[in-house]
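Colleague: Before we start, here is the structure in question, set down as structure tokens.
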Amino acid sequence: MYKKISYIATIMVVLTGITVKAQVTTQSPYSKFGVGNVKGFVLPQFKAMGGISTGVYKPNGYSNVNMQNPASYPGINLTTIDIGVSGGFTTLKSGTTSEKSFNSTLSHMVIGVPVTNRSALSFGVLPYTELGYQFVNKVTLSSGPNSASQDANYIYSGEGGLNKAYLGYGYRFGKNLKIGANAEYVFGNLINSRSTELIVPDTLSSNNTINSRMQTKNSVGGFNLSYGIQYDIPLNSKTSIILGYSGASASSVSSTRSSVVTQYTRNSVGEENAALDTLMNIDGVESNLKLPLVHNFGFSIQKENKWLIGADYRTGKWSETSIGAQNLGLQDTYGYSVGAQITPDINSIGSYFKRVDYRIGYNFDKTYVQVNNQDVKQMALTFGFGLPLARAMSGLSFYKLNFTTEIGRRGNINNGLVQENFINFHLGFTLNDKWFRKFKFD
């Protein structure tokens with residue numbers, strides 16, 4: 001077992017090393033709204049199928065952790081560890097201008113452990129939302145009808161996001177019915193700022209121009225509950241339909257708000273100098289962040305260790321989201337996913353590629369953002385592979401690399417909006433092993 005732990009630790013170090021060499025924040029102006037861009041609560045092997053998961057029990061011969069529906073946990077019959085990284089290229093388009101960026105991060109670490117032959121538990125940490133943006137809005141300031149106008153830049157920026165640490169348990173009743181629940185701890189920081197910088201003519205120095213910045217920080221921490229149910233309908237000895245539902249309760253988590261207003265200047269080459277003065281500093285204002293009620297419905301049709309097709313539909317009551325007594329002005333959401341997986345021959349000896357899982361999918365979401373009376377929508381085509389690695393000498397350990405690509409778009413350039421074109425990559429390493437087993441001696 002200790003060799004396995006050492007091997008996993010090495011993989012984690014490598015993946016973390018890949019992450020820290022690149023940017024770790026997203027670049028999306030739409031993450032300015034609400035609590036940031038919401039991430040799916042699924043691993044790369046499910047993202048490759050468009051994100052279907054609510055009605056997925058056990059997609060192949062390996063044990064997988066499907067946090068989206070904790071009713072699937074009884075399908076974990078081997079100790080399962082899954083860790084991974086995500087990265088992506090984003091192109092922002094607005095009118096005739098465009099900007100490109102690359103971002104990456106350590107995406108998840110989850111563990112599943114069988115408890116009995118009817119139940120299992122899982123725990124781990126994943127991102128919940130991502131916040132990262134910076135853009136400039138040029139305005140003309142005037143203090144009165146007879147005063148001279150002054151051009152200025154409003155610079156908006158933000159960083160941070162929320163994460164979920166969870167502990168879940170699932171149980172199977174009889175052969176067909178499964179239920180489960182996750183206790184989730186939501187935590188993280190949401191940092192937003194707006195700077196006002198006066199624009200001076202090129203003939204004048206900007207050294208003496210005093211700029212101002214207001215920064216707000218919401219530190220979030222609190223518990224939430226998600227739950228699920230699945231029911232199997234056998235069609236024959238190897239094929240079945242799985243119906244699923246999962247949801248997350250509407251809950252309030254603690255939020256501590258801090259605000260600070262500072263003044264600063266820039267030097268002759270445009271670099272920001274140390275703050276001149278702090279005009280306001282309000283620290284530790286306690287409030288609550290109200291999270292929405294979420295519903296997910298899904299089904300899959302599966303032939304054991306051969307193929308799987310399925311679909312999900314989801315809704316979220318984000319219009320009721322608020323921090324303290326302030327509603328965040330968000331919209332209710334809905335979306336759907338469709339996807340499939342095929343494994344030509346999971347037991348093939350002569351051909352490695354017959355043992356590979358081939359996956360494809362599509363997803364669509366109306367996000368909770370509305371700008372200029374226009375809903376911001378997101379869609380993506382997904383595909384990926386589950387690449388089996390060599391088994392351990394004992395024959396009791398199984399390894400797999402899950403690689404996923406998402407090609408999609410968020411928003412559009414109509415009515416003065418920004419269009420985000422993205423290509424995201426997700427890499428996950430899955431280990432299955434028979435840990436914590438009892439040995440018998442003759």
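For the structure tokens, the naming scheme is as follows: chains receive sequential letters (A, B, ...) according to their order of presentation, residues are indexed from 1 within each chain, and ligands are indexed from 1 in presentation order.
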Write down as a ChimeraX atom specification the residues of region 166-391 of chain A whose backbone DSSP state falls under strand (DSSP E).
Modeller: /A:166-173,177-198,211-234,239-248,251-264,277-291,294-303,307-316,322-323,326-327,333-342,357-371,374-388
Colleague: So that I have them on file, write out the residues from the current selection with C-alpha atoms, as a compact mmCIF listing (two decimals), in the first residue's frame.
Modeller:
```txt
# COMPACT_ATOMS: atom_id res chain seq x y z
CA TYR A 166 -17.52 17.18 0.44
CA LEU A 167 -18.16 13.92 2.29
CA GLY A 168 -20.81 11.64 0.82
CA TYR A 169 -22.39 8.23 1.31
CA GLY A 170 -24.53 6.06 -0.93
CA TYR A 171 -26.52 2.86 -0.28
CA ARG A 172 -28.18 0.32 -2.56
CA PHE A 173 -31.54 -1.21 -1.59
CA LEU A 177 -32.82 1.34 -5.94
CA LYS A 178 -29.92 3.51 -4.75
CA ILE A 179 -29.86 6.71 -2.69
CA GLY A 180 -27.08 8.97 -1.46
CA ALA A 181 -26.17 12.38 -0.05
CA ASN A 182 -23.20 14.75 0.18
CA ALA A 183 -22.43 17.09 3.05
CA GLU A 184 -20.57 19.96 1.37
CA TYR A 185 -18.47 22.77 2.78
CA VAL A 186 -18.41 25.79 0.44
CA PHE A 187 -15.45 28.13 0.94
CA GLY A 188 -13.33 30.72 -0.84
CA ASN A 189 -12.84 34.42 -1.54
CA LEU A 190 -14.58 36.69 -4.05
CA ILE A 191 -12.49 39.82 -4.70
CA ASN A 192 -13.74 42.65 -6.94
CA SER A 193 -12.30 46.10 -7.51
CA ARG A 194 -12.94 49.25 -9.54
CA SER A 195 -10.19 51.78 -10.20
CA THR A 196 -10.66 55.30 -11.55
CA GLU A 197 -7.64 56.65 -13.43
CA LEU A 198 -7.66 60.07 -15.03
CA ASN A 211 -6.10 57.72 -8.91
CA SER A 212 -8.50 55.85 -6.65
CA ARG A 213 -9.51 52.22 -6.18
CA MET A 214 -12.33 50.55 -4.26
CA GLN A 215 -11.86 46.86 -3.50
CA THR A 216 -14.40 44.54 -1.88
CA LYS A 217 -13.69 41.04 -0.61
CA ASN A 218 -16.27 38.45 0.42
CA SER A 219 -14.81 35.54 2.39
CA VAL A 220 -17.28 32.66 2.22
CA GLY A 221 -17.55 29.54 4.36
CA GLY A 222 -20.50 27.30 5.21
CA PHE A 223 -22.28 23.99 4.71
CA ASN A 224 -24.62 22.83 1.97
CA LEU A 225 -26.41 19.53 1.26
CA SER A 226 -26.81 17.66 -2.03
CA TYR A 227 -28.63 14.38 -2.56
CA GLY A 228 -29.67 11.90 -5.21
CA ILE A 229 -31.54 8.78 -6.20
CA GLN A 230 -31.15 6.24 -9.02
CA TYR A 231 -33.30 3.36 -10.20
CA ASP A 232 -32.22 0.55 -12.55
CA ILE A 233 -34.59 -1.00 -15.09
CA PRO A 234 -33.00 -4.19 -16.54
CA THR A 239 -28.36 -3.98 -20.73
CA SER A 240 -30.32 -1.62 -18.50
CA ILE A 241 -31.88 1.82 -18.24
CA ILE A 242 -30.87 3.96 -15.27
CA LEU A 243 -33.10 6.82 -14.17
CA GLY A 244 -31.63 9.45 -11.89
CA TYR A 245 -32.37 12.62 -9.96
CA SER A 246 -30.05 14.79 -7.90
CA GLY A 247 -30.38 18.16 -6.28
CA ALA A 248 -28.79 20.71 -3.98
CA SER A 251 -28.96 27.22 1.86
CA SER A 252 -27.24 30.20 3.43
CA VAL A 253 -23.50 30.16 4.11
CA SER A 254 -21.53 32.74 6.08
CA SER A 255 -19.90 35.64 4.24
CA THR A 256 -17.55 38.22 5.75
CA ARG A 257 -17.31 41.41 3.70
CA SER A 258 -14.37 43.84 3.72
CA SER A 259 -14.09 47.09 1.75
CA VAL A 260 -11.14 49.43 1.29
CA VAL A 261 -10.72 52.63 -0.74
CA THR A 262 -7.17 53.77 -1.55
CA GLN A 263 -5.44 56.46 -3.59
CA TYR A 264 -2.35 55.84 -5.69
CA ASP A 277 -3.62 57.06 1.42
CA THR A 278 -6.47 54.89 2.62
CA LEU A 279 -9.75 56.78 2.53
CA MET A 280 -11.97 54.01 3.91
CA ASN A 281 -11.39 50.63 5.50
CA ILE A 282 -14.40 48.59 6.61
CA ASP A 283 -13.47 45.13 7.85
CA GLY A 284 -15.42 42.09 9.07
CA VAL A 285 -19.02 42.88 8.14
CA GLU A 286 -20.91 39.61 8.72
CA SER A 287 -23.67 38.52 6.33
CA ASN A 288 -24.94 35.42 4.53
CA LEU A 289 -24.61 34.20 0.95
CA LYS A 290 -27.81 32.50 -0.14
CA LEU A 291 -27.17 29.62 -2.55
CA VAL A 294 -30.79 23.11 -7.95
CA HIS A 295 -32.47 20.16 -9.72
CA ASN A 296 -30.86 17.61 -12.08
CA PHE A 297 -32.72 14.91 -14.02
CA GLY A 298 -31.03 12.28 -16.15
CA PHE A 299 -31.05 8.82 -17.66
CA SER A 300 -28.64 6.46 -19.36
CA ILE A 301 -28.96 3.27 -21.37
CA GLN A 302 -25.98 1.00 -20.93
CA LYS A 303 -24.68 -2.32 -22.13
CA TRP A 307 -21.46 1.20 -24.56
CA LEU A 308 -23.49 3.91 -22.85
CA ILE A 309 -25.69 6.77 -24.01
CA GLY A 310 -27.51 9.29 -21.85
CA ALA A 311 -28.85 12.78 -21.26
CA ASP A 312 -29.26 15.27 -18.38
CA TYR A 313 -31.51 18.28 -17.79
CA ARG A 314 -30.82 20.82 -15.02
CA THR A 315 -32.33 23.95 -13.50
CA GLY A 316 -31.17 26.43 -10.85
CA SER A 322 -28.23 37.25 -2.39
CA ILE A 323 -25.44 38.45 -0.11
CA GLN A 326 -28.77 42.56 -1.44
CA ASN A 327 -30.13 40.44 -4.28
CA THR A 333 -30.76 28.86 -15.20
CA TYR A 334 -31.46 25.76 -17.25
CA GLY A 335 -29.37 23.48 -19.42
CA TYR A 336 -28.98 20.01 -20.87
CA SER A 337 -26.27 17.52 -21.80
CA VAL A 338 -26.19 14.53 -24.14
CA GLY A 339 -23.34 12.07 -24.48
CA ALA A 340 -22.12 8.58 -25.23
CA GLN A 341 -19.24 6.21 -24.58
CA ILE A 342 -18.12 3.04 -26.33
CA ASP A 357 -13.04 4.25 -23.83
CA TYR A 358 -14.14 6.62 -26.61
CA ARG A 359 -16.44 9.45 -25.47
CA ILE A 360 -18.35 12.29 -27.10
CA GLY A 361 -21.01 14.77 -25.97
CA TYR A 362 -22.64 18.19 -26.18
CA ASN A 363 -23.96 20.60 -23.56
CA PHE A 364 -25.95 23.84 -23.50
CA ASP A 365 -26.67 26.22 -20.64
CA LYS A 366 -28.52 29.48 -20.19
CA THR A 367 -26.32 31.04 -17.55
CA TYR A 368 -27.54 33.30 -14.76
CA VAL A 369 -26.03 36.37 -16.47
CA GLN A 370 -28.15 38.84 -18.43
CA VAL A 371 -26.54 41.91 -20.03
CA GLN A 374 -29.89 39.64 -23.42
CA ASP A 375 -29.33 36.23 -21.82
CA VAL A 376 -25.76 34.94 -21.89
CA LYS A 377 -25.75 31.35 -23.14
CA GLN A 378 -22.99 28.77 -23.22
CA MET A 379 -22.53 25.67 -25.37
CA ALA A 380 -19.73 23.18 -26.00
CA LEU A 381 -18.85 20.08 -27.99
CA THR A 382 -16.90 17.57 -25.92
CA PHE A 383 -14.89 14.45 -26.64
CA GLY A 384 -12.24 12.39 -24.92
CA PHE A 385 -10.60 9.07 -24.18
CA GLY A 386 -10.15 6.75 -21.23
CA LEU A 387 -6.67 5.29 -21.65
CA PRO A 388 -6.00 2.14 -19.57
```
Colleague: Considering only C-alpha atoms, state which residue in the set A:Phe353, A:Tyr156, A:Phe123, A:Phe46 is at the smallest distance from His426 (chain A).
Modeller: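 With only C-alpha atoms as the atom set, the closest residue is A:Phe46.
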Colleague: Running DSSP on the backbone, which parts of region 43-238 of chain A land in helix (DSSP H, G or I), as a PyMOL selection string?
Modeller: chain A and resi 44-47+70-75
Colleague: Please produce a file of the residues just selected, as an mmCIF file, in the first residue's frame, where the atoms kept are C-alpha atoms.
Modeller:
```
data_model
loop_
_atom_site.group_PDB
_atom_site.id
_atom_site.type_symbol
_atom_site.label_atom_id
_atom_site.label_comp_id
_atom_site.auth_asym_id
_atom_site.auth_seq_id
_atom_site.Cartn_x
_atom_site.Cartn_y
_atom_site.Cartn_z
ATOM 1 C CA PRO A 44 -13.075 14.490 -16.871
ATOM 2 C CA GLN A 45 -14.556 11.079 -17.773
ATOM 3 C CA PHE A 46 -18.040 12.581 -17.451
ATOM 4 C CA LYS A 47 -17.164 15.961 -18.982
ATOM 5 C CA PRO A 70 -24.141 10.427 -4.691
ATOM 6 C CA ALA A 71 -26.657 7.618 -5.294
ATOM 7 C CA SER A 72 -24.005 6.214 -7.673
ATOM 8 C CA TYR A 73 -21.496 5.598 -4.859
ATOM 9 C CA PRO A 74 -22.514 1.925 -4.308
ATOM 10 C CA GLY A 75 -20.894 1.278 -7.728
#
```
Colleague: So how far away is CA of Asn60 (chain A) from CA of Gly88 (chain A), in Å?
Modeller: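 Separation of CA of Gly88 (chain A) and CA of Asn60 (chain A): 27.4 Å.
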Colleague: State, in Å with one decimal place, the distance from CA of Ser94 (chain A) to CA of Gln150 (chain A).
Modeller: 25.4 Å
Colleague: For a quick check of understanding, using only C-alpha atoms, which of A:Lys354, A:Arg409, A:Lys400, A:Lys58 has the smallest distance to Leu92 (chain A)?
Modeller: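 For Leu92 (chain A), the nearest of the candidates is A:Arg409.
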Colleague: Mind giving me the straight-line distance from CA of Thr54 (chain A) to CA of His108 (chain A) in Å, one decimal?
Modeller: 19.0 Å
Colleague: Using only C-alpha atoms, which residue out of A:Asn412, A:Thr96, A:Ser319, A:Ser122 lies closest to Leu78 (chain A)?
Modeller: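 Closest candidate: A:Ser122.
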Colleague: Given only C-alpha atoms as the basis, pick out the residue of A:Val125, A:Ala48, A:Val35, A:Val113 nearest to Phe425 (chain A).
Modeller: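 The answer is A:Ala48, which sits nearest to Phe425 (chain A).
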